[in-house]
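Participant: Next up is a structure, given as structure tokens.
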Amino acid sequence: MIKRVEINYRGIFQKTLAKRIGGDIVMIAARMGQVGFSNGRYSDAPERNGIPCKYFAFVSPDLSEEELEAECGAKLDIDEANISVVLDDTMVKGVEPWAWHGVRPINEKVVPYGYMLVVSRRRPEDLVRFMARKPYPYYLAILEGDASFAGLWVYRDDLTHERVLGALAALDPQLLSIEAVKGYLWDKTHEEHRVEAAQKAYESVRHNVHEVTPLQGIDWPYEIPKLPKWHEFSEGVVVKAVPREFHLGPKGQSRNQLFKRGTTKSQRPVVRFDLCTKCTLCWLECPDQCFDPTPDGYYDVDYEYCVGCGKCAEVCPVQECIVMVDELAFEDNRSPWEHWKRDPEGYIRWAEEKKGTHRVLPNVVTGTGQRVVEAEPVPVGGKPKPAARAGA
Amino acid sequence: MATADKVLVYDRIKGVKQIPLEEFYTSGHRTCQGCESATVMRQFIKAAGPRTVVAGSTGCMYVANTSYMTTPWIVPWMHTQLGAGGSSAVGMAAGLRALMRKNRIPQEKINVISFCGDLGGGDMGLSGISGALQTDYDLLIIMYDNESAANTDIQATGLTTWGAQTTFSPVGKVERIMHRRWKKNVAAMLAVGHPNCRYVATACATFPPLDFLNKVRKALSIGGPTFIHTYDPCPKGWDFHPRYSHELGELGVRSGLLPLYEIIDGEVVYTYDARKTAKGRIPVREYLTRQGRFAHLTEEDIAHIQRMVDQMWDEWEVPGVAPFRGTLKVSA
Amino acid sequence: MAVAQPVGVYEREDLLTGCQAVAEGIRLANVDVIAAYPIRPYTEVMDAISKIIADGKLVAEYIVADSEHSQFEIVKHAASVGARAFAGSSGTGWMYGFEALVVTATDRLPVLFLVGNRALDDPGAFGVEHNDALAIRDMGWLLCWVATAQEALEHVLLGYRIAEDKHVRMPMALAMDGAFLTHSQHIVRIPSQEAVNRFLPPFDLGERRLHPDNPVSIAPQVNEDWVMEIRRQNWEAARRARRVIATAYEEFNQVFGQRYRPPYYFEEFLTDDAEVVLIGMGTVAMPARTAVRRLREQGHRVGYVNLRWFRPFPTEELRESLRRFRAVGVIDRDFAHGAPDDGGVLLHEVRSCLYPVRERPAVVNFITGLGGRDVSIQDAIRMFEITQEAAREDRLDGFVTWVGVRE
Ligand SMILES: Cc1ncc(C[n+]2csc(CCOP(=O)(O)OP(=O)(O)O)c2C)c(N)n1
Ligand code: SF4
Ligand code: SF4
Ligand code: SF4
Ligand SMILES: [Mg+2]
């Protein structure tokens, strides 16, 4: 028997975390007399900030290490997962790690009656409504929490690591028993709060497991690209450039159709066009060319390509004009400018509702925390205050 | 210090509203959130326009951009090897010139641009770039400097700032600082050694606004081989939140660590005055403490960097450019 | 060998070294971009080309590069915009630019290179050895050895014709033995431009040309989803090259008279009734053929096979040819230390080519002429004698003899 655990994470931000979880699954399973090994999906590297990536852990109670390696190690991705961990809940909208891979459902690999373990503060139905319908039932478990966010050099020790291990023990005690998890953490660190974090997660997740039936979820809207045979594409490693095409208005700029990398984002910018001074900065400084100049001088956003870096919100000189909002607040990628043109007041109400009242300002050094400030929303027809540049 | 634009006839972008709206490097690349090098790509080709051929050396701007048999390029683009930033430009320029001389393709001005990273261009490819700058071809080499071998997961290069943590210069129990090389001043070195190269500049894609776009325009219009070194904050390798990448560039320039200048026909023109006396100068601390890669630096380390920067601006004969002091002395 | 030639296809005769003959070929092929870097013995071709350009006999961009890496990258990129390009090197210089050589092949850019074969450092040595050129044998290059200055000139024209063919589009390395061919002067007949133009069409990279009117992206990054298919395409090109090579020689013969005989990839000398042959590449053909004549005078049934095309290897044709003999002696002007039986590179190619033949000849191997050591007629006779002995004993194991080493 083989247990395959897949850890979905966002490149760099949770790289160290995912690797530690994968490694510790192996170490703890070994304490329980099982064999295992762990690796990352090779094509994810070099990882780019925000890109969806995977780490794996393989455990078996009865196979030899060589057999386990032959079954699992020779493949660069897995065909099925007994447990699929998701460290950032915005990935439930689908993951496209690289071109020609397609936007894949996050639950793609989960086996019948297998588990999805998602770190989230949302209700299960708020996650399932983005996920692909599967032909068989499986379970969705939620580990209450925020996506852990760290950089390359500064690891964020927010106990997500210990909590995920505790949660895994709750889902599959044969894979990891909570005793083994706790014993391992204690032996390794001699820190009581780590053991406690695992124990608490173990208890809470046991009460936060939900069956997802074949009726739940959505018909997956994305096609998986078919890779051409060797004689079906041009020789001499040459591909056609993106065709030159530009006009004012939504999607007026031609873009790479084969890699729309929108699944990189965990937030998206919401724009109050009525506050915009047409200063050009959001458009000019977006490293992903997501803004489409409109005939009336505004800048529409093509969310299919937005990676959610937040630069536009940062450079916009007008208070409350561009605000980054959690990606799970949105159902689709339609043009916000068209929405605003069609129904100006309705759009503003919609935008304000999405924005809510909290503004989250991340500290500059990755993973060192954030400031949350109360917003003063600008009413329809109101004037914004001059923006203060953040970045403390 | 001169700050005025040299008299040079070129199609200057006078305000943000004059920036061409159309993209020639478009969405759908796999760079990090907030990647400033991607902004360099976007802007240089915006300034150059569609009658351009581009070669790009191995590095993030190759691997991340052309993600697996797709491309974000609208203009013709080709991969070139890590150390071939100079030679690829020469090859394209020579090929086009020969074909035009023999009337096999129409006579026209086609911009030839090759870009390379700080490792590819500033370390490995220096000899090839030097060779290119000695030719008489119209070409532009852009060295985008994210201060590491970023694509291989952030290793130190000759252009990494002193003291930075990288995967080749980790913080250890005994050694706090493994990277002790002072940042190589590639643009100035090339300018000093290639007096016939009419335009060499440093730039930062987002600060001051329009500066980089116009530097590209100048480089392409002046004729002959030209070189621009850009300073590109790299959210992954420098470890800061992607939303602040434009700000990091600005801080680096204002602290004087990243001098902005152009050398046009041998004359140095500063595009940002970072002397101590200038009002724009800020302490390097404000720049360094905003990056996780410097989180391990002590007060002494920061003071060391500050001293070096002070020297650069207040003691060098040509501040920020040439580390020479004194006047002509003849030995007895 | 030349039989009746059509009138007017040659403009003059001149005394030329192998390198100078190649330079004449470059002029006649109207090459667009040439990048140079000095290293003996190939350098002389660049000396000659620069003079041709200086004298106004060829319009081309001539660039003196800062290193072989740059030199090779320059011509690669010149080819990418559609220019006919030429470079070359020898020995350690060839190795210095190796990265560029590999990508030129994987980018499928049909440039032509001269490799003036030279021993690899260390210690520094100038003399011929084939290891430099052979290093690219698995990289997707066309690789061919010439034995005379006349052939060298003609193979510049043939080389571009084959490499640039749209079914091929692979780079072409024209190898010649350092000193023996690069530097010795022979009378060479120089074709007329008009005849060359009839044979060699202008270079057209078609839909792969890098130009604003043809926006393409060349060599985007790939992962494991793509590499095997790309290698498969390149294999196909190498297979198609075999057909194109034969066609090119036929076309060449039509313009220039019967210069070359089928099967073109190699040339047989007095093999019709031979029992034993030697096979080798390059100038070793001269002492070997002379030895054949002398041994035949004494009644020995021996012959010589001069292998021209090493890549693509003429598997079928060579197999059909060599299976007729009782023993084959393979001459390697190279080494492959630690290889099976410690034989040379060519030994392994020939042996594996013969493997499917049930009644195969005995195969023995000679490592000789390394580092420019001359291979004498006497050496060649000795190699024949050893091979004859192998035929008598019907030996099948690899039997390697170093010929010419001080023992
Ligand atoms: C000759 C060679 N050596 C090493 C590599 C591996 N390599 C690929 S990208 C890279 C880093 C390049 O760094 P830089 O030029 O600064 O560009 P960046 O990745 O930072 O954008 C290296 C070392 C290579 N591709 N080629
Ligand atoms: S968040 Fe803004 S700047 Fe960043 S990719 Fe999206 S639109 Fe562009
Ligand atoms: S940055 Fe803000 S004010 Fe400026 S154009 Fe964009 S939305 Fe309008
Ligand atoms: S590692 Fe740095 S340079 Fe490379 S894609 Fe990411 S941000 Fe850009
Ligand atoms: Mg770099």
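Going by the structure tokens order, chains are called A, B, ..., each with residues numbered from 1, while ligands are numbered from 1 in the order shown.
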According to DSSP computed on the backbone, where in stretch 15-132 of chain A is there strand (DSSP E)? Give the residues as a VMD selection string.
Facilitator: chain A and resid 35 to 40 52 to 60 81 to 86 110 to 120
Participant: Need to verify the contact set: B:Ser87, 8 Å, only C-alpha atoms, exclusion of same-chain residues closer than 6 positions in sequence. Can you return it as an NGL selection string?
Facilitator: (:B and (128-129 or 131-132)) or (:C and (70-71 or 73-74))
Participant: As a ChimeraX atom specification, please: all residues of stretch 157-275 of chain B that backbone DSSP puts in alpha helix (DSSP H).
Facilitator: /B:186-193,211-222,245-254
Participant: Can you spit out the residues from that selection as a tab-separated table (two decimals), in the first residue's frame, using C-alpha atoms?
Facilitator:
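Result file is out28.tsv:
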```
chain	number	residue	atom	x	y	z
B	186	VAL	CA	30.05	47.48	-15.20
B	187	ALA	CA	28.69	50.43	-17.15
B	188	ALA	CA	31.50	52.73	-16.09
B	189	MET	CA	34.14	50.07	-16.68
B	190	LEU	CA	32.86	49.57	-20.21
B	191	ALA	CA	32.68	53.29	-20.87
B	192	VAL	CA	36.24	53.84	-19.68
B	193	GLY	CA	37.60	51.07	-21.85
B	211	ASP	CA	14.25	58.05	-17.57
B	212	PHE	CA	14.84	54.50	-18.74
B	213	LEU	CA	12.53	54.81	-21.74
B	214	ASN	CA	14.39	57.85	-22.93
B	215	LYS	CA	17.77	56.29	-22.30
B	216	VAL	CA	16.80	53.43	-24.59
B	217	ARG	CA	15.68	55.92	-27.21
B	218	LYS	CA	18.96	57.78	-26.93
B	219	ALA	CA	21.03	54.62	-27.12
B	220	LEU	CA	19.21	53.49	-30.24
B	221	SER	CA	19.42	56.81	-32.01
B	222	ILE	CA	23.04	57.80	-31.35
B	245	SER	CA	9.49	46.70	-6.07
B	246	HIS	CA	9.33	50.16	-7.64
B	247	GLU	CA	10.03	51.67	-4.24
B	248	LEU	CA	13.13	49.55	-3.66
B	249	GLY	CA	14.60	50.82	-6.92
B	250	GLU	CA	13.99	54.37	-5.92
B	251	LEU	CA	15.54	53.84	-2.48
B	252	GLY	CA	18.61	52.18	-4.00
B	253	VAL	CA	19.16	55.15	-6.30
B	254	ARG	CA	18.50	57.76	-3.63
```
Participant: Compute the set of protein, DNA and RNA residues whose minimum atom distance to ligand 2 is at most 10 Å, using only C-alpha atoms and all ligand atoms, and state it as a PyMOL selection string.
Facilitator: (chain A and resi 261-262+264-271+281-292+299-316+322-325) or (chain B and resi 27+32-35+242-243)
Participant: Using only C-alpha atoms, please write the residues we just selected to a file, as a PDB file, in the first residue's frame.
Facilitator:
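Saved file out.pdb follows:
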```pdb
ATOM      1  CA  ARG A 261      -1.120  33.022 -15.517  1.00  0.00           C
ATOM      2  CA  GLY A 262      -3.958  34.364 -13.414  1.00  0.00           C
ATOM      3  CA  THR A 264      -0.708  32.986  -9.546  1.00  0.00           C
ATOM      4  CA  LYS A 265      -2.720  35.516  -7.602  1.00  0.00           C
ATOM      5  CA  SER A 266      -4.220  35.360  -4.165  1.00  0.00           C
ATOM      6  CA  GLN A 267      -5.504  38.924  -4.408  1.00  0.00           C
ATOM      7  CA  ARG A 268      -6.725  41.126  -7.213  1.00  0.00           C
ATOM      8  CA  PRO A 269      -6.932  44.869  -7.645  1.00  0.00           C
ATOM      9  CA  VAL A 270     -10.380  46.464  -7.475  1.00  0.00           C
ATOM     10  CA  VAL A 271     -10.450  49.808  -9.255  1.00  0.00           C
ATOM     11  CA  LEU A 281       0.961  54.763 -13.194  1.00  0.00           C
ATOM     12  CA  CYS A 282      -0.934  51.500 -12.661  1.00  0.00           C
ATOM     13  CA  TRP A 283      -0.703  50.782 -16.360  1.00  0.00           C
ATOM     14  CA  LEU A 284       2.930  51.789 -16.632  1.00  0.00           C
ATOM     15  CA  GLU A 285       4.206  49.896 -13.623  1.00  0.00           C
ATOM     16  CA  CYS A 286       2.299  46.642 -13.894  1.00  0.00           C
ATOM     17  CA  PRO A 287       5.024  44.068 -14.599  1.00  0.00           C
ATOM     18  CA  ASP A 288       2.439  41.828 -16.243  1.00  0.00           C
ATOM     19  CA  GLN A 289       0.916  44.304 -18.676  1.00  0.00           C
ATOM     20  CA  CYS A 290      -2.587  43.693 -17.349  1.00  0.00           C
ATOM     21  CA  PHE A 291      -4.063  47.145 -17.858  1.00  0.00           C
ATOM     22  CA  ASP A 292      -5.880  47.901 -21.081  1.00  0.00           C
ATOM     23  CA  TYR A 299      -7.247  51.536 -17.513  1.00  0.00           C
ATOM     24  CA  ASP A 300      -9.270  48.342 -17.559  1.00  0.00           C
ATOM     25  CA  VAL A 301      -7.814  45.240 -15.904  1.00  0.00           C
ATOM     26  CA  ASP A 302      -7.444  41.869 -17.611  1.00  0.00           C
ATOM     27  CA  TYR A 303      -7.747  39.623 -14.562  1.00  0.00           C
ATOM     28  CA  GLU A 304      -6.918  36.523 -16.558  1.00  0.00           C
ATOM     29  CA  TYR A 305      -3.307  37.692 -16.552  1.00  0.00           C
ATOM     30  CA  CYS A 306      -3.097  39.585 -13.265  1.00  0.00           C
ATOM     31  CA  VAL A 307      -0.785  37.900 -10.779  1.00  0.00           C
ATOM     32  CA  GLY A 308      -1.864  39.959  -7.827  1.00  0.00           C
ATOM     33  CA  CYS A 309       1.467  41.566  -6.992  1.00  0.00           C
ATOM     34  CA  GLY A 310      -0.225  44.689  -5.655  1.00  0.00           C
ATOM     35  CA  LYS A 311       2.098  47.126  -7.374  1.00  0.00           C
ATOM     36  CA  CYS A 312      -0.758  48.961  -9.042  1.00  0.00           C
ATOM     37  CA  ALA A 313      -2.431  49.529  -5.694  1.00  0.00           C
ATOM     38  CA  GLU A 314       0.859  50.721  -4.278  1.00  0.00           C
ATOM     39  CA  VAL A 315       1.671  53.196  -7.056  1.00  0.00           C
ATOM     40  CA  CYS A 316      -1.832  54.589  -7.473  1.00  0.00           C
ATOM     41  CA  ILE A 322      -7.040  50.666  -6.285  1.00  0.00           C
ATOM     42  CA  VAL A 323      -7.399  48.194  -3.434  1.00  0.00           C
ATOM     43  CA  MET A 324      -6.183  44.599  -3.324  1.00  0.00           C
ATOM     44  CA  VAL A 325      -8.968  42.155  -2.403  1.00  0.00           C
TER      45      VAL A 325
ATOM     46  CA  SER B  27       1.203  39.393 -20.654  1.00  0.00           C
ATOM     47  CA  CYS B  32       7.583  36.540 -10.150  1.00  0.00           C
ATOM     48  CA  GLN B  33       4.881  38.799  -8.870  1.00  0.00           C
ATOM     49  CA  GLY B  34       6.340  42.290  -8.966  1.00  0.00           C
ATOM     50  CA  CYS B  35       9.395  41.392 -11.067  1.00  0.00           C
ATOM     51  CA  PRO B 242       6.304  42.233  -4.547  1.00  0.00           C
ATOM     52  CA  ARG B 243       4.094  45.247  -4.145  1.00  0.00           C
TER      53      ARG B 243
END
```
Participant: May I have the residues within 6 Å of ligand 1, computed using only C-alpha atoms and all ligand atoms, as a ChimeraX atom specification?
Facilitator: /B:58-61,82,116-120,146,148-152
Participant: Quick one: write out the picked residues with all heavy atoms as an mmCIF file, in the first residue's frame?
Facilitator:
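Contents of the output file selection.cif:
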```
data_model
loop_
_atom_site.group_PDB
_atom_site.id
_atom_site.type_symbol
_atom_site.label_atom_id
_atom_site.label_comp_id
_atom_site.auth_asym_id
_atom_site.auth_seq_id
_atom_site.Cartn_x
_atom_site.Cartn_y
_atom_site.Cartn_z
ATOM 1 N N THR B 58 20.384 33.462 -21.385
ATOM 2 C CA THR B 58 19.851 32.586 -20.351
ATOM 3 C C THR B 58 19.785 33.353 -19.036
ATOM 4 O O THR B 58 20.650 34.168 -18.747
ATOM 5 C CB THR B 58 20.789 31.379 -20.177
ATOM 6 O OG1 THR B 58 21.163 30.917 -21.462
ATOM 7 C CG2 THR B 58 20.094 30.266 -19.432
ATOM 8 N N GLY B 59 18.771 33.042 -18.246
ATOM 9 C CA GLY B 59 18.543 33.763 -17.001
ATOM 10 C C GLY B 59 17.049 33.853 -16.801
ATOM 11 O O GLY B 59 16.280 33.298 -17.598
ATOM 12 N N CYS B 60 16.628 34.541 -15.767
ATOM 13 C CA CYS B 60 15.190 34.663 -15.515
ATOM 14 C C CYS B 60 14.435 35.191 -16.739
ATOM 15 O O CYS B 60 13.347 34.728 -17.042
ATOM 16 C CB CYS B 60 14.937 35.628 -14.371
ATOM 17 S SG CYS B 60 15.116 34.867 -12.764
ATOM 18 N N MET B 61 15.021 36.172 -17.411
ATOM 19 C CA MET B 61 14.276 36.788 -18.506
ATOM 20 C C MET B 61 14.223 35.893 -19.739
ATOM 21 O O MET B 61 13.547 36.200 -20.712
ATOM 22 C CB MET B 61 14.848 38.169 -18.844
ATOM 23 C CG MET B 61 14.624 39.160 -17.725
ATOM 24 S SD MET B 61 12.861 39.351 -17.284
ATOM 25 C CE MET B 61 12.780 38.446 -15.764
ATOM 26 N N LEU B 82 24.375 32.118 -22.053
ATOM 27 C CA LEU B 82 24.601 32.960 -20.871
ATOM 28 C C LEU B 82 25.651 34.043 -21.114
ATOM 29 O O LEU B 82 25.471 35.189 -20.724
ATOM 30 C CB LEU B 82 24.998 32.056 -19.693
ATOM 31 C CG LEU B 82 25.030 32.702 -18.313
ATOM 32 C CD1 LEU B 82 23.736 33.396 -17.969
ATOM 33 C CD2 LEU B 82 25.348 31.652 -17.253
ATOM 34 N N CYS B 116 21.021 40.733 -21.190
ATOM 35 C CA CYS B 116 21.662 39.690 -20.404
ATOM 36 C C CYS B 116 21.596 40.091 -18.942
ATOM 37 O O CYS B 116 21.421 41.271 -18.631
ATOM 38 C CB CYS B 116 23.115 39.528 -20.836
ATOM 39 S SG CYS B 116 24.001 41.088 -20.951
ATOM 40 N N GLY B 117 21.732 39.118 -18.060
ATOM 41 C CA GLY B 117 21.678 39.403 -16.632
ATOM 42 C C GLY B 117 23.020 39.861 -16.096
ATOM 43 O O GLY B 117 24.006 39.984 -16.834
ATOM 44 N N ASP B 118 23.062 40.081 -14.800
ATOM 45 C CA ASP B 118 24.308 40.555 -14.198
ATOM 46 C C ASP B 118 25.367 39.458 -14.184
ATOM 47 O O ASP B 118 26.555 39.735 -14.352
ATOM 48 C CB ASP B 118 24.074 41.106 -12.787
ATOM 49 C CG ASP B 118 23.228 40.204 -11.924
ATOM 50 O OD1 ASP B 118 22.156 39.790 -12.391
ATOM 51 O OD2 ASP B 118 23.621 39.901 -10.784
ATOM 52 N N LEU B 119 24.961 38.213 -14.028
ATOM 53 C CA LEU B 119 25.950 37.134 -14.097
ATOM 54 C C LEU B 119 26.362 36.904 -15.548
ATOM 55 O O LEU B 119 27.538 36.861 -15.888
ATOM 56 C CB LEU B 119 25.399 35.831 -13.511
ATOM 57 C CG LEU B 119 26.418 34.699 -13.482
ATOM 58 C CD1 LEU B 119 27.349 34.840 -12.299
ATOM 59 C CD2 LEU B 119 25.751 33.341 -13.440
ATOM 60 N N GLY B 120 25.346 36.772 -16.420
ATOM 61 C CA GLY B 120 25.628 36.518 -17.829
ATOM 62 C C GLY B 120 26.431 37.642 -18.456
ATOM 63 O O GLY B 120 27.416 37.406 -19.157
ATOM 64 N N ASN B 146 19.646 42.114 -11.452
ATOM 65 C CA ASN B 146 18.843 41.807 -10.260
ATOM 66 C C ASN B 146 19.741 41.347 -9.117
ATOM 67 O O ASN B 146 19.292 40.778 -8.141
ATOM 68 C CB ASN B 146 17.779 40.769 -10.593
ATOM 69 C CG ASN B 146 18.373 39.625 -11.381
ATOM 70 O OD1 ASN B 146 19.565 39.329 -11.262
ATOM 71 N ND2 ASN B 146 17.570 38.971 -12.194
ATOM 72 N N SER B 148 21.835 38.987 -8.669
ATOM 73 C CA SER B 148 22.116 37.581 -8.352
ATOM 74 C C SER B 148 21.965 36.765 -9.620
ATOM 75 O O SER B 148 21.433 37.248 -10.619
ATOM 76 C CB SER B 148 21.146 37.037 -7.306
ATOM 77 O OG SER B 148 19.896 36.730 -7.900
ATOM 78 N N ALA B 149 22.443 35.535 -9.565
ATOM 79 C CA ALA B 149 22.038 34.545 -10.542
ATOM 80 C C ALA B 149 20.655 34.117 -10.080
ATOM 81 O O ALA B 149 20.512 33.192 -9.286
ATOM 82 C CB ALA B 149 23.006 33.379 -10.562
ATOM 83 N N ALA B 150 19.658 34.849 -10.521
ATOM 84 C CA ALA B 150 18.317 34.685 -9.955
ATOM 85 C C ALA B 150 17.676 33.401 -10.439
ATOM 86 O O ALA B 150 17.012 32.690 -9.680
ATOM 87 C CB ALA B 150 17.460 35.894 -10.310
ATOM 88 N N ASN B 151 17.877 33.100 -11.694
ATOM 89 C CA ASN B 151 17.173 31.962 -12.272
ATOM 90 C C ASN B 151 17.588 30.628 -11.657
ATOM 91 O O ASN B 151 16.828 29.678 -11.649
ATOM 92 C CB ASN B 151 17.426 31.934 -13.780
ATOM 93 C CG ASN B 151 16.626 30.876 -14.460
ATOM 94 O OD1 ASN B 151 15.403 30.864 -14.334
ATOM 95 N ND2 ASN B 151 17.280 29.970 -15.135
ATOM 96 N N THR B 152 18.808 30.566 -11.165
ATOM 97 C CA THR B 152 19.275 29.326 -10.546
ATOM 98 C C THR B 152 18.999 29.338 -9.044
ATOM 99 O O THR B 152 19.631 28.611 -8.286
ATOM 100 C CB THR B 152 20.770 29.126 -10.837
ATOM 101 O OG1 THR B 152 21.401 30.412 -10.894
ATOM 102 C CG2 THR B 152 20.981 28.458 -12.173
#
```
Participant: Given a cut-off of 6 Å, which residues of chain C touch chain A, counting only C-alpha atoms, written out as a list in words?
Facilitator: Asp107, Arg108, Pro215, Val216, Ser217, Ile218, Ala219 and Glu229 of chain C
Participant: Nearest residue to ligand 4 out of A:Leu87, A:Leu152, A:Glu192, A:Lys93, using only C-alpha atoms and all ligand atoms?
Facilitator: A:Leu152
Participant: Set the cut-off to 8 Å and count only C-alpha atoms: what are the residues of chain B that reach chain C? Output as number ranges by chain.
Facilitator: B: 50-53, 62-63, 66-71, 73-79, 81, 84, 86-99, 102, 110, 127-128, 130-131
Participant: Quick one: of B:Glu108, B:Glu286, B:Glu267, B:Asp136, who's nearest to chain A, counting only C-alpha atoms?
Facilitator: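 Result for the nearest residue to chain A: B:Glu286.
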Participant: Write as a list in words the residues around ligand 3, taking 6 Å as the cut-off and counting only C-alpha atoms and all ligand atoms.
Facilitator: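 For ligand 3, the residues inside 6 Å are Cys276, Thr277, Lys278, Cys279, Thr280, Leu281, Cys282, Cys316, Pro317, Val318 and Cys321 of chain A.
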Participant: Could you save the residues just selected, with C-alpha atoms, as a PDB file, in the first residue's frame?
Facilitator:
```pdb
ATOM      1  CA  CYS A 276      -9.065  57.678 -11.118  1.00  0.00           C
ATOM      2  CA  THR A 277      -7.087  60.712 -12.277  1.00  0.00           C
ATOM      3  CA  LYS A 278      -5.777  58.875 -15.350  1.00  0.00           C
ATOM      4  CA  CYS A 279      -2.233  59.329 -14.124  1.00  0.00           C
ATOM      5  CA  THR A 280      -1.100  56.169 -16.060  1.00  0.00           C
ATOM      6  CA  LEU A 281       0.961  54.763 -13.194  1.00  0.00           C
ATOM      7  CA  CYS A 282      -0.934  51.500 -12.661  1.00  0.00           C
ATOM      8  CA  CYS A 316      -1.832  54.589  -7.473  1.00  0.00           C
ATOM      9  CA  PRO A 317      -1.645  58.104  -6.058  1.00  0.00           C
ATOM     10  CA  VAL A 318      -5.330  58.244  -5.153  1.00  0.00           C
ATOM     11  CA  CYS A 321      -8.782  54.039  -5.918  1.00  0.00           C
TER      12      CYS A 321
END
```
Participant: Please identify all polymer residues within 9 Å of stretch 370-379 of chain A, counting only C-alpha atoms, omitting same-chain residues fewer than 4 positions from it, and present them as a list of chain:residue names.
Facilitator: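 Non-adjacent residues within range: A:Leu275, A:Gln319, A:Glu320, A:Cys321, A:Ile348, A:Arg349, A:Glu352, A:Lys355, A:Gly356, A:Thr357, A:His358, A:Arg359, A:Val360, A:Leu361, A:Pro362, A:Asn363, A:Val364, A:Lys383, A:Pro384, A:Lys385.
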Participant: Closest to chain A among B:Trp162, B:Phe207, B:Tyr144, B:Tyr244, using only C-alpha atoms?
Facilitator: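 Using only C-alpha atoms, chain A sits closest to B:Tyr244.
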Participant: From the options B:Val112, B:Val284, B:Ile154, B:Val321, which residue's atoms come nearest to A:Ile12, counting only C-alpha atoms?
Facilitator: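 So, comparing all the options, the nearest one is B:Ile154.
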Participant: Quick one: residues within 6 Å of stretch 156-170 of chain A, only C-alpha atoms, excluding same-chain residues fewer than 2 positions away - as a ChimeraX atom specification?
Facilitator: /A:150,172-173,176-178,197-199,201-202,205-206,367
Participant: In terms of the shortest atom-to-atom distance over only C-alpha atoms, which of A:Tyr55, A:Phe259, A:Phe149, A:Tyr155 is closest to chain B?
Facilitator: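 Going through A:Tyr55, A:Phe259, A:Phe149, A:Tyr155 one by one, the smallest distance to chain B is for A:Phe259.
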Participant: For chain B, which residue out of A:Pro214, A:Gly73, A:Gly33, A:Gly297 is the nearest one, using only C-alpha atoms?
Facilitator: A:Gly297
Participant: Tell me, as a count of residues only, which residues lie within 6 Å of stretch 365-380 of chain C, counting only C-alpha atoms; anything in the same chain fewer than 4 positions away does not count.
Facilitator: 17
Participant: Would you mind listing what lies within 12 Å of stretch 163-174 of chain B as a PyMOL selection string, with only C-alpha atoms counted and same-chain residues fewer than 3 positions away left out?
Facilitator: (chain A and resi 152-154) or (chain B and resi 147-160+177-183+236-239+288-289+291-298+300-305)
Participant: Got a sec: who's within 8 Å of B:Glu22, counting only C-alpha atoms, leaving out chain neighbours fewer than 4 positions off, as a PyMOL selection string?
Facilitator: (chain A and resi 246+253) or (chain B and resi 46)
